[in-house]
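Here is the structure we will look at, set down as structure tokens.
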Amino acid sequence: MTEVRSAAESTVVELSYALGRPDWSDAFRARGKTRGIKGRLRTLLVPVLFAVSVWLFSDSLSAAACAFVGCLLGLVARTGVLAAKHAKAGATTGPWTVTVSDSDEAVCFTGAHMETRRGWRSLGGYVETAAGFVLLSPAPHLLVVHYLPKRSLGRDDTDRLRGILDRRLPRRAARPPQH
């Protein structure tokens with residue numbers, strides 16, 4: 001269900017959907033790309049330091065290689081594990097209804113047992129992916145606040161939502177998605 005209302009001072013886009021593991025995976029991958037090359041290299045620093053320390057203490061190059069590969073596999077699996085946990089936690093709340101307004105009211109998230117409102121100042125930006133919009137917390141952390149899937153929008157509604165987000169929040173993606 002998508003509803004778009006135009007008033008004199010604001011545009012409102014309403015989305016209704018349930019989030020699953022693919023949605024959260026997309027959100028976490030998009031958030032990871034906001035860090036740039038410097039952030040990605042910093043992420044690799046942990047496995048390298050761990051492997052070097054294992055090598056120095058055990059004096060075994062094979063043990064250090066195993067430690068390095070294990071850390072890399074853990075980093076790769078981390079996104080899937082986080083997505084599964086978020087999907088499982090969100091399954092109990094049922095479907096979401098999200099209202100995004102161009103006014104100061106900003107974003108209202110409504111679930112079966114809760115309602116949360118976020119003003120534009122509490123959001124640090126957004127990332128657009130091919131499948132949705134990822135709302136992020138303010139810098140320096142840029143954590144995922146919520147995910148708005150495009151499957152719950154029509155083409156015109158997607159353009160309206162993108163317009164609202166462009167006016168109110170900085171776009172954090174390195175490259176815009178291909179449509």
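Just remember, in the structure tokens the first chain shown is A, the second B, etc., residues are 1-based per chain, and ligands are 1-based in the order shown.
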>> If you run DSSP on the backbone here, which positions in chain A get alpha helix (DSSP H)? Please write them as a ChimeraX atom specification.
In response: /A:21-32,36-58,61-91,155-168
Determine, counting only C-alpha atoms, which protein, DNA and RNA residues have an atom within 10 Å of an atom of His86 (chain A); residues of the same chain fewer than 4 positions away are not included. Present the result as a compact mmCIF listing (two decimals) with N, CA and C atoms, in the first residue's frame.
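Wrote part13.txt, looks like this:
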# COMPACT_ATOMS: atom_id res chain seq x y z
N LEU A 19 10.03 -6.53 6.74
CA LEU A 19 11.44 -6.67 6.40
C LEU A 19 11.93 -8.10 6.66
N GLY A 20 12.75 -8.60 5.75
CA GLY A 20 13.33 -9.93 5.89
C GLY A 20 14.85 -9.87 5.85
N ARG A 21 15.46 -11.03 5.85
CA ARG A 21 16.92 -11.11 5.86
C ARG A 21 17.56 -10.45 4.62
N ASP A 23 16.55 -7.89 2.97
CA ASP A 23 16.47 -6.44 3.15
C ASP A 23 17.59 -5.95 4.07
N TRP A 24 17.74 -6.63 5.20
CA TRP A 24 18.77 -6.21 6.15
C TRP A 24 20.18 -6.45 5.58
N SER A 25 20.37 -7.51 4.82
CA SER A 25 21.67 -7.74 4.18
C SER A 25 22.02 -6.59 3.24
N GLY A 80 25.78 -11.37 7.14
CA GLY A 80 24.68 -12.34 7.12
C GLY A 80 24.14 -12.63 8.51
N VAL A 81 25.03 -12.72 9.48
CA VAL A 81 24.59 -12.98 10.86
C VAL A 81 23.79 -11.81 11.40
N LEU A 82 24.28 -10.59 11.18
CA LEU A 82 23.54 -9.40 11.63
C LEU A 82 22.18 -9.31 10.95
N GLY A 90 12.74 -8.51 14.05
CA GLY A 90 11.68 -7.75 13.42
C GLY A 90 10.46 -8.58 13.08
N ALA A 91 10.60 -9.90 13.00
CA ALA A 91 9.47 -10.76 12.65
C ALA A 91 8.38 -10.70 13.71
Determine, using only C-alpha atoms, which residues of region 99-136 of chain A have any atom at most 6 Å from an atom of region 140-160 of chain A, and tabulate each with its shortest atom pair and distance in Å to one decimal place, rows ordered by chain and then rising number, as JSON lines.
{"residue": "A:Ala131", "atom": "CA", "partner": "A:Lys150", "partner_atom": "CA", "distance": 5.6}
{"residue": "A:Gly132", "atom": "CA", "partner": "A:Pro149", "partner_atom": "CA", "distance": 4.1}
{"residue": "A:Phe133", "atom": "CA", "partner": "A:Leu148", "partner_atom": "CA", "distance": 5.0}
{"residue": "A:Val134", "atom": "CA", "partner": "A:Tyr147", "partner_atom": "CA", "distance": 4.6}
{"residue": "A:Leu135", "atom": "CA", "partner": "A:His146", "partner_atom": "CA", "distance": 5.3}
{"residue": "A:Leu136", "atom": "CA", "partner": "A:Val144", "partner_atom": "CA", "distance": 4.7}
>> Just the number, please: distance in Å from CA of Ala30 (chain A) to CA of Cys66 (chain A), one decimal.
In response: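 These two atoms are separated by 28.7 Å.
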> How many Å separate CA of Asp59 (chain A) from CA of Leu72 (chain A)?
Replying inline: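 So the two atoms, CA of Asp59 (chain A) and CA of Leu72 (chain A), lie 20.8 Å apart.
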>> Can you measure CA of Val76 (chain A) to CA of Arg172 (chain A) for me? One decimal in Å is fine.
In response: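 Rounded to one decimal, the two atoms are 22.0 Å apart.
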> DSSP says strand (DSSP E) for which residues of chain A? Put them as a count of residues only?
Replying inline: 40
>> So that I can see what lies close to region 95-98 of chain A, please list as a list in words the residues with an atom at most 9 Å from it, counting only C-alpha atoms and leaving out residues fewer than 5 positions away in the same chain.
In response: Val13, Glu14, Leu15, Ser16, Tyr17, Ala18, Leu19, Gly90, Val107, Cys108, Phe109, Thr110, Gly111, Ala112 and Leu148 of chain A
>> Taking only C-alpha atoms into account, name the residue in A:Thr79, A:Ser137, A:Thr92, A:Thr11 that is nearest to Asp104 (chain A).
In response: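 When distances to Asp104 (chain A) are compared using only C-alpha atoms, the smallest one comes from A:Thr11.
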> Nearest to Gly124 (chain A) among A:Leu169, A:Trp55, A:Lys85, A:Thr99, with distances taken over only C-alpha atoms: which residue is it?
Replying inline: A:Leu169
